[in-house]
Amino acid sequence: MDLVELDFFTTREKLATREISCKELFETYLQRIDKGAHLNAFISVFPENGRKRADEIDRKLASGKAGKLAGMILGVKDLISVRDELTTCGSKILSNFVSPYDATVIRKLNAEDVIIIGKMNMDEFAMGSSNENSFFGAVKNPLDVDRVPGGSSGGSAAAVAGNLCMAALGSDTGGSIRQPASFCGVVGLKPTYGRISRFGLVAYASSLDQIGPVTKSVADTALLLEVMSGGDKLDSTSAHVAVQKFTAALGQDVKGLKIGLPKEYFSEGLDKQVADAVSLSADILKSAGAEIIEVSLPHTEYAIATYYILATAEASSNLARYDGARYGYRVPDVVDLEDMYVRSRTEGFGAEVQRRIMLGTYVLSAGYYEAYYRKAQKVRTLIKHDFERAFQTVDCLLTPTAPTTAFKIGEKVDDPLTMYLSDVYTVSVNLAGLPGISVPFAQDRAGLPIGVQLIGKAFDEETIIRVADFLERNADSNS
Amino acid sequence: MKYEPVIGLEVHIQLLTESKIFCSCSTKFGAEQNTHVCPICLGLPGVLPVLNEKVIEYAIKLALATNSRINKRSIFARKNYFYPDLPKGYQISQFEEPFCEFGRILIKVDGEKSREISLTRIHLEEDAGKSVHAESFVSKDETLVDVNRCGTPLLEIVSEPDFRTPKEAAAYLTRLRQIVRYLGVCDGNMEEGSMRCDANISVRPQGQEKLGVKTELKNMNSISSVEKALDFEIDRQISVLSEGGSISQETLLWDANRNVAEPMRSKEYSDDYRYFPEPDLVPVEVDEEWVDRVSQSMPELPLAKKQRFVQEFALPEYDAQVLSEDRAIADYFETAAQKVADKKAVSNMVMGEVLRVIKEQQIRVEDLKITPEYLSEIINMIDEGAISRNIAKKVFNRVAETGTAPRVVVEQEGLLQISDTSALEATLDQVLQENPNEVQAFLNGKEKVVGFLMGQVMRATSGKANPKSVNALLRKKLSDLKS
């Protein structure tokens, strides 16, 4: 087996015994990035800094003083700040922006000796479900280059699936980690809101955004989550709750677990092959001793509308700072202040971002606030209550991650509403602030991966990691 | 027709916390441009605000001092507008669910009864930066931005439209400034902008209940400017209305040099701020325990202090009023009065001499070279008869100039009063010898000459003789001569 196909969990044995070095590993990945350039997964690559880090960590490994993630070759979605590197958010308006500070997650990961190899392409400001909305061009699905990798963390999922890095960080506001993970056949986890500090994550919709891992295995996800989790005094919305040892949930059985199937998630618009894959996973869990229970989440049909009101409202405000005044793109030959604002933002933002800023500005406007924003907040509470009710009877939920497998590049680009429906099974999880994981389970007839999603109680990533790990171990034979 | 003005005030005060409201940068005034900044107050991509708890403590103080109802839970909101000195494109403020509501402030205009003004709300927010145009290093066609002030904590105090005259507005501002200075939460400096006031004003025919169309006045940087601007705007509105015109709702900027208020260019403000709850911050929760803790650290407020001075020190109302106006003066008085029996004597010295020195030297109470301890020493020396009242003034001035201890000044300059009759006797005898005509006049029944002879003795002792002792001795000697 090729070295780059191994997950970190396996590779670290070889690093620890010095069978391979970080340096070799890093060089191998650099070559893979060269070979995979056509995927357009990276916005920037750090060969020099990475080599220095690899040498440093090799020395640490030799002296037995290396951190928990020593030698993990990690890619970072380009909206997480890495000190002294570009943080473009896939946008022209930040195409020249170098961040002067490290995000809290980057500080934590560096302390455990990861090697950051580069920053990943993405939908501009994390707005999109296909990674076609990037100023740096579309990302291609490594399993079929005519297809999208999903979005908005498309670069992260494509790079991990295409073996251009060992693992990656993504961010998930309405499904942006889980949907691309499903499309590319990798594991993607959105943690409970507040589980991981958002300090250094460029905001799209602050009350929904979470950073999460995109990995080759559930084990790597558990490892990364252990390191990244925890309250942060720089993020008031981060939760100061105990961080479990998520790796302890690996290799367990599922006997006695109560797993819910929300009936609203198996309706119109769901691809038959995806539905079959979820049923099959339910059967496997059942035969392993889990109890499968049908549950109802009655407000599911309002989730997409609620999401697009709240997320765009927050985005319209979060993106106000990109105005050409202090940093980022400013048009030349400015006439006056308004001219600078209008033209810098018109030229600096892509079509989808402008669409969402307009939508968000509208729903917050005087006279519309009650009808849209306030009502959406109320529906959000109802959606949260749906889950709380369901979790009175079950330990976690099993659902499709996305209604289809990866679609063709260009297929939905002119139809935003259809595109928005790609997130129909993932957005509720963000609205309710719950953890969700997508794990590859099957393939469709074209050989494209199908992921299934597990949704857990707040701060109970342990259970969904346990079930996802079980499904991963029992997925090999399904196609 | 007679018109009645209706005025409401919105006051912003900058809090005297060491660091900014949402980051740890310094709030110090007057630093070099853009040096008190960090990624958070610069609003760089990816940063988050974290609330400085000291701000809440200060807000609780003001809430208690104004009898406001503190909300157990209040939330931050974003006020969205574009301006170059607003790095995030929104100001973090409070909108629905403010920090506290329903406060009251007692005001008094000279010659009128005290009146209570109602406060709608007091809420927390961050200050914006400054656009710099008028400096030598800024060329004509550019505007530079100084972000130092960005994120300085502010409290906004919104009054009900309870004022009927500009004088009442001025009295309110004076009282509010006194309160915030007493609490130590703001230095109340309107010239430097640490306290700012916007006014909403309309007029209506006397007796009419319905409010007229209001305008907003901005850019007044002193209490007297507020009063003048209101006077100006009342006159303007009345003359427009009496000529059959109508008032349009707009914002006017006061020009203190020309004494006129003129409409702001419409591009400089926006009407729809699209407020919504700030998702990056959690609600502010203030429990009773916190309020209790702060209330225990509350200083005595001006009115209470005034009453106590009257009761405890038996001072006249007027003295108590003057002394309690400024907390530092009041503290100075109390420290000095502690070791002195005659409190009124201390009050006289503070109101007369201490306030004069502060004015002459243009210094703060804290910078006085004559400490309250020195002042009580001087007064006690008068009491003991060690120095006379006249000498005391001389000693006071010397101490105020040099900071030397009063006893040292008295010693160095040989100003100790001579009360010892044996020490005075020789001088007295000499004076009597040198003025035989006056002595004769006394013996002939002219009592008045005693004063002249006293003066001679005082002169001969350079004022150091204790007048009482001199007087007694002199009368004794003269009556001895009589018999």
# chains A, B, ... in the order shown; residues from 1 in each chain; ligands from 1

call {"tool": "residues_around", "arguments": {"residues": "Val346 in chain B", "least_positions_apart": "5", "cutoff": "10 Å", "atoms": "only C-alpha atoms", "output": "PyMOL selection string"}}
result
chain B and resi 333-334+336-338+340-341+351-352+372+375-376+378-380

call {"tool": "write_last_selection", "arguments": {"atoms": "C-alpha atoms", "output": "tab-separated table (two decimals), in the first residue's frame"}}
result
chain	number	residue	atom	x	y	z
B	333	PHE	CA	-11.94	68.73	53.29
B	334	GLU	CA	-12.79	65.59	55.24
B	336	ALA	CA	-8.20	67.96	56.83
B	337	ALA	CA	-11.21	68.22	59.16
B	338	GLN	CA	-10.48	64.89	60.81
B	340	VAL	CA	-9.36	69.68	63.72
B	341	ALA	CA	-12.00	70.59	66.25
B	351	MET	CA	-13.43	77.38	50.26
B	352	GLY	CA	-11.27	80.48	50.50
B	372	PRO	CA	-4.93	68.18	53.83
B	375	LEU	CA	-3.84	72.36	56.29
B	376	SER	CA	-5.05	70.87	59.56
B	378	ILE	CA	-1.88	75.18	60.18
B	379	ILE	CA	-5.38	75.48	61.62
B	380	ASN	CA	-4.33	73.69	64.77

call {"tool": "select_by_dssp", "arguments": {"residues": "range 172-357 of chain B", "states": "alpha helix (DSSP H)", "output": "number ranges by chain"}}
result
B: 172-183, 223-242, 288-296, 302-313, 317-324, 327-338, 343-349, 355-357

call {"tool": "interface_residues", "arguments": {"of": "chain B", "to": "chain A", "cutoff": "10 Å", "atoms": "only C-alpha atoms", "output": "number ranges by chain"}}
result
B: 22-23, 38-40, 42-51, 78-90, 141-145, 267, 271-283

call {"tool": "select_by_dssp", "arguments": {"residues": "range 147-362 of chain A", "states": "strand (DSSP E)", "output": "VMD selection string"}}
result
chain A and resid 167 to 172 187 to 190 210 to 215 258 to 262 291 to 295

call {"tool": "closest_residue", "arguments": {"among": "A:Thr426, A:Asn40, A:Thr404, A:Thr463", "to": "Glu268 in chain A", "atoms": "only C-alpha atoms"}}
result
A:Thr404

call {"tool": "residues_around", "arguments": {"residues": "range 421-432 of chain B", "least_positions_apart": "3", "cutoff": "12 Å", "atoms": "only C-alpha atoms", "output": "compact mmCIF listing (two decimals) with N, CA and C atoms, in the first residue's frame"}}
result
# COMPACT_ATOMS: atom_id res chain seq x y z
N GLN B 417 4.36 82.53 67.23
CA GLN B 417 3.71 83.61 67.96
C GLN B 417 4.29 83.73 69.37
N ILE B 418 4.48 84.96 69.82
CA ILE B 418 5.00 85.15 71.16
C ILE B 418 3.84 85.37 72.11
N ASN B 435 6.32 106.19 73.34
CA ASN B 435 5.10 106.91 73.00
C ASN B 435 4.45 107.55 74.23
N PRO B 436 5.16 108.48 74.82
CA PRO B 436 4.63 109.06 76.07
C PRO B 436 3.33 109.82 75.84
N ASN B 437 3.17 110.46 74.66
CA ASN B 437 1.95 111.25 74.41
C ASN B 437 0.71 110.36 74.43
N GLU B 438 0.85 109.20 73.82
CA GLU B 438 -0.29 108.30 73.74
C GLU B 438 -0.62 107.74 75.13
N VAL B 439 0.45 107.45 75.88
CA VAL B 439 0.22 106.95 77.23
C VAL B 439 -0.53 107.99 78.04
N GLN B 440 -0.09 109.26 77.85
CA GLN B 440 -0.76 110.34 78.57
C GLN B 440 -2.23 110.44 78.14
N ALA B 441 -2.46 110.33 76.85
CA ALA B 441 -3.84 110.40 76.34
C ALA B 441 -4.71 109.34 76.98
N PHE B 442 -4.16 108.13 77.11
CA PHE B 442 -4.91 107.04 77.74
C PHE B 442 -5.26 107.39 79.18
N VAL B 449 -6.50 104.82 72.15
CA VAL B 449 -5.07 104.71 71.88
C VAL B 449 -4.53 103.31 72.15
N VAL B 450 -5.31 102.49 72.86
CA VAL B 450 -4.85 101.13 73.12
C VAL B 450 -4.57 100.42 71.79
N PHE B 452 -3.70 101.73 68.94
CA PHE B 452 -2.47 102.22 68.34
C PHE B 452 -1.26 101.56 68.98
N LEU B 453 -1.29 101.52 70.34
CA LEU B 453 -0.15 100.93 71.05
C LEU B 453 -0.01 99.45 70.72
N MET B 454 -1.13 98.76 70.60
CA MET B 454 -1.11 97.34 70.21
C MET B 454 -0.40 97.18 68.87
N GLY B 455 -0.78 98.03 67.93
CA GLY B 455 -0.19 97.99 66.58
C GLY B 455 1.31 98.16 66.65
N GLN B 456 1.76 99.05 67.52
CA GLN B 456 3.20 99.28 67.66
C GLN B 456 3.91 98.03 68.15
N VAL B 457 3.25 97.35 69.11
CA VAL B 457 3.86 96.13 69.65
C VAL B 457 3.93 95.05 68.54
N MET B 458 2.83 94.92 67.82
CA MET B 458 2.79 93.91 66.77
C MET B 458 3.87 94.18 65.73
N ARG B 459 4.03 95.44 65.40
CA ARG B 459 5.02 95.83 64.41
C ARG B 459 6.41 95.47 64.90
N ALA B 460 6.65 95.81 66.17
CA ALA B 460 7.97 95.55 66.74
C ALA B 460 8.28 94.05 66.77
N THR B 461 7.23 93.21 66.82
CA THR B 461 7.48 91.76 66.87
C THR B 461 7.24 91.12 65.51
N SER B 462 7.14 91.95 64.45
CA SER B 462 6.83 91.47 63.09
C SER B 462 5.58 90.60 63.09
N LYS B 464 4.38 88.61 65.22
CA LYS B 464 4.41 87.31 65.88
C LYS B 464 3.79 87.31 67.27
N ALA B 465 3.63 88.50 67.83
CA ALA B 465 3.07 88.54 69.18
C ALA B 465 1.63 88.09 69.18
N ASN B 466 1.26 87.36 70.18
CA ASN B 466 -0.12 86.92 70.32
C ASN B 466 -0.96 88.12 70.74
N PRO B 467 -1.87 88.58 69.85
CA PRO B 467 -2.62 89.80 70.15
C PRO B 467 -3.33 89.74 71.50
N LYS B 468 -3.84 88.57 71.83
CA LYS B 468 -4.55 88.44 73.12
C LYS B 468 -3.63 88.75 74.29
N SER B 469 -2.44 88.14 74.21
CA SER B 469 -1.48 88.35 75.30
C SER B 469 -1.07 89.81 75.37
N VAL B 470 -0.83 90.40 74.18
CA VAL B 470 -0.40 91.80 74.15
C VAL B 470 -1.46 92.67 74.78
N ASN B 471 -2.70 92.43 74.32
CA ASN B 471 -3.81 93.22 74.82
C ASN B 471 -3.91 93.15 76.34
N ALA B 472 -3.86 91.94 76.88
CA ALA B 472 -3.99 91.77 78.33
C ALA B 472 -2.86 92.48 79.07
N LEU B 473 -1.65 92.27 78.56
CA LEU B 473 -0.48 92.83 79.23
C LEU B 473 -0.50 94.36 79.20
N LEU B 474 -0.87 94.86 78.00
CA LEU B 474 -0.91 96.30 77.80
C LEU B 474 -1.91 96.95 78.78
N ARG B 475 -3.11 96.35 78.84
CA ARG B 475 -4.13 96.91 79.72
C ARG B 475 -3.68 96.86 81.19
N LYS B 476 -2.97 95.78 81.50
CA LYS B 476 -2.50 95.66 82.88
C LYS B 476 -1.51 96.78 83.19
N LYS B 477 -0.55 96.98 82.22
CA LYS B 477 0.49 97.99 82.47
C LYS B 477 -0.10 99.38 82.56
N LEU B 478 -1.05 99.65 81.61
CA LEU B 478 -1.64 100.98 81.60
C LEU B 478 -2.44 101.26 82.88
N LEU B 481 -0.24 102.12 85.61
CA LEU B 481 0.21 103.50 85.56
C LEU B 481 -0.83 104.45 86.15

call {"tool": "residues_around", "arguments": {"residues": "range 434-443 of chain A", "least_positions_apart": "6", "cutoff": "8 Å", "atoms": "only C-alpha atoms", "output": "ChimeraX atom specification"}}
result
/A:178-179,181-182,185-193,218,277,281,401,449-461,464-465,468,471-472,475-476,478-479

call {"tool": "closest_residue", "arguments": {"among": "A:Leu6, A:Ala402, A:Ala248, A:Ala158", "to": "Gly170 in chain A", "atoms": "only C-alpha atoms"}}
result
A:Ala158

call {"tool": "residues_around", "arguments": {"residues": "Ile7 in chain B", "least_positions_apart": "3", "cutoff": "7 Å", "atoms": "only C-alpha atoms", "output": "number ranges by chain"}}
result
B: 161-164, 199-202

call {"tool": "write_last_selection", "arguments": {"atoms": "C-alpha atoms", "output": "short mmCIF file (atom, residue, chain, number, x, y, z; two decimals), in the first residue's frame"}}
result
data_model
loop_
_atom_site.label_atom_id
_atom_site.label_comp_id
_atom_site.auth_asym_id
_atom_site.auth_seq_id
_atom_site.Cartn_x
_atom_site.Cartn_y
_atom_site.Cartn_z
CA PRO B 161 -37.91 64.00 26.78
CA ASP B 162 -38.33 65.57 30.20
CA PHE B 163 -36.53 68.89 29.77
CA ARG B 164 -38.49 72.06 29.05
CA ALA B 199 -29.92 66.44 21.98
CA ASN B 200 -33.34 65.73 20.50
CA ILE B 201 -35.51 68.77 20.40
CA SER B 202 -38.95 69.78 19.24
#
